[in-house]
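Peer 1: Provided below: start-v9.txt, containing compact mmCIF, C-alpha atoms.
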```txt
# COMPACT_ATOMS: atom_id res chain seq x y z
CA MET A 55 111.97 98.56 104.77
CA ALA A 56 109.53 100.93 106.44
CA VAL A 57 109.74 104.72 106.40
CA PRO A 58 108.33 106.34 109.58
CA GLY A 59 105.34 108.40 108.53
CA GLY A 60 105.44 106.85 105.05
CA LEU A 61 107.10 108.14 101.90
CA SER A 62 104.35 110.71 101.43
CA GLY A 63 105.23 112.24 104.80
CA LEU A 64 108.66 113.15 103.44
CA GLY A 65 107.26 115.49 100.79
CA VAL A 66 108.69 115.80 97.27
CA ALA A 67 112.16 116.97 98.32
CA GLY A 68 112.26 114.29 101.01
CA VAL A 69 111.36 111.37 98.74
CA ARG A 70 113.96 112.53 96.24
CA GLU A 71 116.59 112.57 98.96
CA PHE A 72 115.38 109.14 100.10
CA GLY A 73 115.87 107.94 96.52
CA ARG A 74 119.38 109.40 96.31
CA VAL A 75 120.41 107.74 99.58
CA SER A 76 118.90 104.41 98.49
CA ASP A 77 120.78 104.63 95.18
CA SER A 78 124.07 105.24 96.99
CA GLN A 79 123.59 102.14 99.12
CA ALA A 80 122.94 99.70 96.27
CA PRO A 81 125.79 97.33 95.41
CA PRO A 82 127.35 97.58 91.95
CA GLY A 83 125.76 95.46 89.26
CA PRO A 84 127.51 93.00 86.96
CA ALA A 85 129.92 94.24 84.31
CA VAL A 86 128.42 94.88 80.87
CA HIS A 87 130.43 95.11 77.66
CA GLU A 88 129.40 98.70 76.91
CA VAL A 89 127.55 101.35 78.92
CA THR A 90 126.94 104.73 77.31
CA GLU A 91 125.11 107.91 78.27
CA ARG A 92 123.08 109.67 75.60
CA ALA A 93 120.57 112.49 75.22
CA VAL A 94 117.43 111.99 73.16
CA ALA A 95 115.53 114.96 71.73
CA GLY A 96 112.01 114.95 73.11
CA PRO A 97 108.88 117.12 73.09
CA HIS A 98 109.90 118.80 76.36
CA GLY A 99 113.65 118.93 75.87
CA ASP A 100 116.49 116.43 75.87
CA ILE A 101 115.89 113.13 77.68
CA PRO A 102 118.91 111.44 79.31
CA VAL A 103 119.18 107.71 78.68
CA ARG A 104 121.73 105.08 79.66
CA MET A 105 122.34 102.21 77.27
CA TYR A 106 123.74 98.83 78.28
CA ARG A 107 124.91 96.57 75.46
CA PRO A 108 126.36 93.05 75.65
CA GLU A 109 129.25 92.05 73.44
CA SER A 110 127.90 91.05 70.02
CA SER A 111 128.90 91.60 66.42
CA ALA A 112 125.24 91.35 65.36
CA PRO A 113 122.26 93.53 66.29
CA VAL A 114 120.73 92.43 69.59
CA PRO A 115 117.20 92.68 71.00
CA VAL A 116 116.56 95.66 73.25
CA LEU A 117 114.51 96.43 76.35
CA LEU A 118 113.34 99.99 76.94
CA TYR A 119 113.38 100.23 80.76
CA ILE A 120 111.35 102.79 82.72
CA HIS A 121 112.21 103.32 86.39
CA GLY A 122 109.71 103.66 89.21
CA GLY A 123 109.36 106.17 92.03
CA GLY A 124 105.75 107.30 91.97
CA TRP A 125 106.47 109.49 88.92
CA THR A 126 108.06 111.80 91.50
CA PHE A 127 111.52 110.44 92.26
CA GLY A 128 113.96 107.85 90.95
CA SER A 129 116.94 107.79 88.62
CA LEU A 130 119.07 105.61 86.36
CA ASN A 131 121.38 104.76 89.28
CA GLY A 132 121.44 102.42 92.25
CA GLY A 133 119.02 99.50 92.16
CA VAL A 134 117.80 100.43 88.68
CA ASP A 135 121.34 100.40 87.32
CA HIS A 136 121.93 97.01 89.00
CA LEU A 137 118.72 95.60 87.50
CA CYS A 138 119.42 96.89 83.99
CA ARG A 139 122.96 95.49 84.07
CA SER A 140 121.66 92.17 85.36
CA ILE A 141 119.01 91.88 82.64
CA ALA A 142 121.48 92.81 79.89
CA SER A 143 123.94 90.24 81.20
CA ALA A 144 121.49 87.40 81.89
CA ALA A 145 119.31 87.79 78.77
CA GLY A 146 122.07 88.88 76.37
CA ILE A 147 120.12 91.93 75.23
CA ALA A 148 120.62 95.68 75.16
CA VAL A 149 118.80 97.81 77.71
CA VAL A 150 117.96 101.50 77.29
CA SER A 151 117.09 103.07 80.67
CA VAL A 152 115.08 106.30 80.47
CA ASP A 153 115.44 109.29 82.83
CA TYR A 154 112.08 110.93 82.10
CA ARG A 155 111.00 114.25 83.61
CA MET A 156 109.11 113.83 86.85
CA ALA A 157 106.09 115.21 88.65
CA PRO A 158 104.92 117.42 90.18
CA GLU A 159 106.91 119.83 88.01
CA ASN A 160 106.14 117.69 84.95
CA LYS A 161 102.74 116.13 85.39
CA PHE A 162 100.87 113.61 83.24
CA PRO A 163 101.22 113.12 80.31
CA VAL A 164 104.81 114.45 80.16
CA PRO A 165 106.51 111.17 81.26
CA VAL A 166 104.41 109.19 78.75
CA ASP A 167 105.33 111.64 75.97
CA GLU A 168 109.02 111.32 76.82
CA VAL A 169 109.09 107.54 76.87
CA ASN A 170 107.20 107.49 73.58
CA ALA A 171 109.88 109.78 72.12
CA VAL A 172 112.67 107.46 73.29
CA LEU A 173 110.88 104.47 71.75
CA ALA A 174 110.71 106.35 68.42
CA TRP A 175 114.43 107.18 68.75
CA VAL A 176 115.38 103.54 69.32
CA ARG A 177 113.42 102.53 66.23
CA ASP A 178 114.95 105.33 64.15
CA ARG A 179 118.54 104.83 65.35
CA GLY A 180 118.52 101.07 65.71
CA ARG A 181 121.30 100.39 63.22
CA ASP A 182 123.62 102.95 64.83
CA LEU A 183 122.81 101.58 68.28
CA GLY A 184 123.48 97.99 67.29
CA VAL A 185 119.98 96.78 68.14
CA ASP A 186 117.38 94.81 66.24
CA THR A 187 114.36 97.10 65.93
CA THR A 188 112.08 94.14 65.17
CA ARG A 189 112.79 92.84 68.68
CA ILE A 190 112.00 95.68 71.08
CA ALA A 191 110.47 95.13 74.52
CA ILE A 192 109.32 97.69 77.06
CA GLY A 193 109.13 97.37 80.81
CA GLY A 194 109.52 99.01 84.16
CA ASP A 195 108.78 98.91 87.87
CA SER A 196 105.85 100.56 89.66
CA ALA A 197 105.30 103.94 87.97
CA GLY A 198 107.60 102.70 85.22
CA GLY A 199 105.34 99.69 84.78
CA ASN A 200 102.40 102.07 84.54
CA ILE A 201 104.08 104.08 81.78
CA SER A 202 105.19 100.91 79.98
CA ALA A 203 101.64 99.53 79.92
CA ALA A 204 100.32 102.86 78.65
CA ILE A 205 102.86 102.90 75.83
CA THR A 206 101.78 99.45 74.62
CA HIS A 207 98.27 100.79 74.07
CA LEU A 208 99.49 103.93 72.31
CA ASP A 209 101.83 101.85 70.14
CA ARG A 210 99.26 99.21 69.15
CA GLY A 211 99.15 98.73 65.40
CA HIS A 212 102.69 99.96 64.72
CA GLU A 213 104.20 98.37 61.61
CA SER A 214 107.06 96.99 63.72
CA PRO A 215 105.20 96.13 66.95
CA LEU A 216 106.67 95.84 70.40
CA ARG A 217 107.54 92.23 71.08
CA ALA A 218 107.08 92.10 74.86
CA GLN A 219 106.12 94.04 77.98
CA VAL A 220 107.49 93.51 81.49
CA LEU A 221 105.34 95.03 84.22
CA LEU A 222 106.85 94.90 87.70
CA TYR A 223 104.20 95.62 90.38
CA PRO A 224 102.61 98.17 88.05
CA ALA A 225 100.07 100.85 88.94
CA THR A 226 97.37 100.45 86.28
CA GLU A 227 94.20 101.80 87.95
CA TYR A 228 93.34 104.60 90.35
CA ALA A 229 92.56 103.56 93.94
CA VAL A 230 90.31 100.55 93.34
CA GLU A 231 89.59 98.92 96.72
CA ARG A 232 90.55 95.34 95.95
CA PRO A 233 91.58 93.01 98.81
CA SER A 234 95.28 93.94 98.62
CA TRP A 235 94.39 97.63 98.86
CA ILE A 236 92.69 96.92 102.19
CA ASP A 237 94.89 94.13 103.59
CA ASN A 238 98.16 95.91 102.75
CA ALA A 239 97.10 99.45 103.60
CA GLN A 240 100.09 99.79 105.96
CA ALA A 241 102.55 97.63 104.02
CA PRO A 242 106.30 98.25 104.13
CA VAL A 243 107.76 100.74 101.60
CA LEU A 244 104.40 101.73 100.07
CA THR A 245 101.14 102.37 101.92
CA VAL A 246 97.72 103.25 100.54
CA VAL A 247 98.19 106.85 101.73
CA ASP A 248 101.52 106.99 99.88
CA THR A 249 99.92 105.63 96.71
CA LEU A 250 97.21 108.29 96.72
CA TRP A 251 99.81 110.99 97.38
CA PHE A 252 101.91 109.88 94.42
CA TRP A 253 98.84 109.92 92.18
CA ASP A 254 98.15 113.48 93.36
CA GLN A 255 101.67 114.53 92.35
CA TYR A 256 101.25 113.00 88.88
CA LEU A 257 97.69 113.84 87.82
CA THR A 258 96.24 117.26 87.15
CA SER A 259 92.52 116.59 87.40
CA THR A 260 89.99 113.90 88.30
CA LYS A 261 89.49 113.31 84.56
CA ASP A 262 93.05 112.02 84.37
CA ARG A 263 92.11 109.16 86.69
CA THR A 264 90.25 107.38 83.88
CA ASP A 265 92.51 108.38 80.99
CA PRO A 266 94.05 105.11 79.68
CA ARG A 267 97.39 106.86 79.25
CA ALA A 268 97.42 107.33 83.04
CA THR A 269 95.44 104.26 84.09
CA PRO A 270 95.85 101.60 81.39
CA ALA A 271 93.21 99.36 83.02
CA ASN A 272 90.67 101.84 81.61
CA ALA A 273 91.61 101.10 78.00
CA ALA A 274 88.80 100.13 75.63
CA SER A 275 90.61 96.99 74.49
CA PHE A 276 93.39 94.71 75.73
CA GLY A 277 93.82 92.69 72.56
CA GLY A 278 96.62 93.12 70.06
CA LEU A 279 99.16 93.96 72.74
CA PRO A 280 102.60 92.40 73.16
CA PRO A 281 103.01 89.30 75.35
CA ALA A 282 103.34 90.31 78.99
CA LEU A 283 105.10 89.27 82.15
CA VAL A 284 103.41 90.73 85.23
CA VAL A 285 105.30 90.44 88.53
CA VAL A 286 103.55 91.33 91.80
CA ALA A 287 104.46 91.36 95.50
CA GLY A 288 102.24 89.74 98.11
CA ARG A 289 102.61 92.56 100.65
CA ASP A 290 101.78 95.42 98.30
CA PRO A 291 98.63 97.55 98.01
CA LEU A 292 99.11 97.32 94.23
CA ARG A 293 99.24 93.51 94.15
CA ASP A 294 95.65 93.06 92.95
CA ASP A 295 95.99 96.05 90.62
CA GLY A 296 98.64 94.08 88.72
CA LEU A 297 96.74 90.80 88.92
CA ASN A 298 93.57 92.44 87.60
CA TYR A 299 95.50 93.95 84.70
CA ALA A 300 96.97 90.55 83.86
CA ALA A 301 93.46 89.08 83.88
CA LEU A 302 92.27 91.79 81.45
CA LEU A 303 95.12 90.92 79.08
CA ASP A 304 94.41 87.21 79.36
CA LYS A 305 90.67 87.62 78.76
CA ALA A 306 91.43 89.58 75.56
CA GLY A 307 93.75 86.85 74.29
CA THR A 308 97.03 88.65 74.94
CA PRO A 309 99.61 86.10 76.16
CA VAL A 310 100.48 86.82 79.79
CA GLU A 311 102.63 85.19 82.45
CA VAL A 312 102.15 86.10 86.11
CA LEU A 313 104.68 85.78 88.92
CA ARG A 314 103.30 86.46 92.40
CA ILE A 315 105.90 86.45 95.16
CA ASP A 316 104.19 86.32 98.53
CA GLY A 317 106.05 87.62 101.56
CA THR A 318 107.80 90.41 99.71
CA PHE A 319 106.88 94.05 99.26
CA HIS A 320 106.69 96.84 96.72
CA GLY A 321 110.02 97.90 95.27
CA PHE A 322 111.86 94.59 95.70
CA MET A 323 113.08 94.51 92.10
CA THR A 324 115.42 97.41 92.80
CA MET A 325 116.75 95.86 96.02
CA PRO A 326 119.49 93.44 94.93
CA GLY A 327 120.41 90.90 97.53
CA LEU A 328 116.83 89.98 98.40
CA HIS A 329 115.78 86.43 97.51
CA SER A 330 112.69 87.89 95.84
CA TYR A 331 114.93 90.06 93.65
CA ASN A 332 116.69 86.96 92.36
CA GLN A 333 113.35 85.25 91.72
CA GLY A 334 112.10 88.24 89.79
CA LEU A 335 115.32 88.63 87.80
CA ASP A 336 115.24 84.97 86.76
CA ALA A 337 111.65 85.35 85.59
CA VAL A 338 112.31 88.58 83.67
CA SER A 339 115.46 87.29 82.01
CA GLY A 340 113.89 83.97 81.07
CA PHE A 341 110.78 85.64 79.68
CA LEU A 342 112.75 88.12 77.56
CA THR A 343 115.16 85.46 76.33
CA THR A 344 112.23 83.36 75.11
CA VAL A 345 110.03 86.08 73.65
CA LEU A 346 112.87 87.97 71.94
CA ALA A 347 114.66 84.84 70.69
CA SER A 348 113.92 85.39 66.99
```
Written as structure tokens, how would this file's structure read?
Peer 2:
Amino acid sequence: MAVPGGLSGLGVAGVREFGRVSDSQAPPGPAVHEVTERAVAGPHGDIPVRMYRPESSAPVPVLLYIHGGGWTFGSLNGGVDHLCRSIASAAGIAVVSVDYRMAPENKFPVPVDEVNAVLAWVRDRGRDLGVDTTRIAIGGDSAGGNISAAITHLDRGHESPLRAQVLLYPATEYAVERPSWIDNAQAPVLTVVDTLWFWDQYLTSTKDRTDPRATPANAASFGGLPPALVVVAGRDPLRDDGLNYAALLDKAGTPVEVLRIDGTFHGFMTMPGLHSYNQGLDAVSGFLTTVLAS
């Protein structure tokens, strides 16, 4: 799926309209026992979340899911809704999908602050929500993977640590010219120019480019983090960004699984119907089922 002139050529209003149209075209996801809309008090106002819960009389593990969209667009609907329903159904866990405030109106670190607030809410309200707060995972796609990785560093050392992280083609460093950055400069869906434009919407200054809350690959340490699944697309400028981040985790002794799907492109995990979507879903569901088992 290519956008003439690239996503960045659409401007902020244009990419948001692109996201709305894409959401409207996604097929419905599988049925889930209970889907509820809630508002979580955060540092910048209420944060809408959507919770998916399978049928269970006992508390279930939970995934905090953070959508992508270059920190600039995206929602809880469409492909994200399909993915969250599919994970909840396949892994038998609850999923809390977060509708954080977006750039450029709400620049870094606002989205990180908001996701951190929702994580605290899940831990505080776990009994009421019917989830097991000793079995919380965090994950997301693209910008959501970026925020998820950042949260694992901020949360390191918590008395009830995160049990897993799922990073789907995450952005973890600012514009490092690895082979995929060069070879996939004009890739479908996301180009190098688009990537730089999205970073410009999100960050305020050049100092932000090395802040680990914005670029987790710049963290001082990668040990003591939850086990990770990193999924990357072969035809994606961010492919080697994700692979490098997985290597940093592995070198520090953090358990990490990597799934590289060549031939597919950025964004495929919110495009149900693609073969690569099914591959990714199987990997995510299997990983979470294993890591959150007990």
Peer 1: To one decimal in Å, tell me the separation between CA of Ala142 in chain A and CA of Leu117 in chain A.
Peer 2: 8.6 Å
Peer 1: Can you work out the spacing between CA of Ala347 in chain A and CA of Arg217 in chain A in Å, to one decimal?
Peer 2: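 Straight-line distance from CA of Ala347 in chain A to CA of Arg217 in chain A works out to 10.3 Å.
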Peer 1: Have a look at A:Ala225, A:Ala300, A:Val116, A:Leu292 and name the one nearest to Arg263 in chain A; count all atoms listed in the file.
Peer 2: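 Comparing A:Ala225, A:Ala300, A:Val116, A:Leu292 against Arg263 in chain A, the winner is A:Ala225.
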Peer 1: Between A:Leu137, A:Ala144, A:Ile236, A:Ala191, which has the minimum distance to Leu173 in chain A (counting only C-alpha atoms)?
Peer 2: A:Ala191
Peer 1: One decimal, Å: what's the distance from CA of Val69 in chain A over to CA of Asp167 in chain A, could you say?
Peer 2: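 Separation of CA of Val69 in chain A and CA of Asp167 in chain A: 23.6 Å.
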Peer 1: Draw an axis-aligned box over all listed atoms of range 145-154 of chain A, pad each side with 4 Å, and write its centre and edge lengths in Å, one decimal, as JSON.
Peer 2:
```
{"center_x": 117.1, "center_y": 99.4, "center_z": 79.0, "size_x": 18.0, "size_y": 31.1, "size_z": 15.7}
```
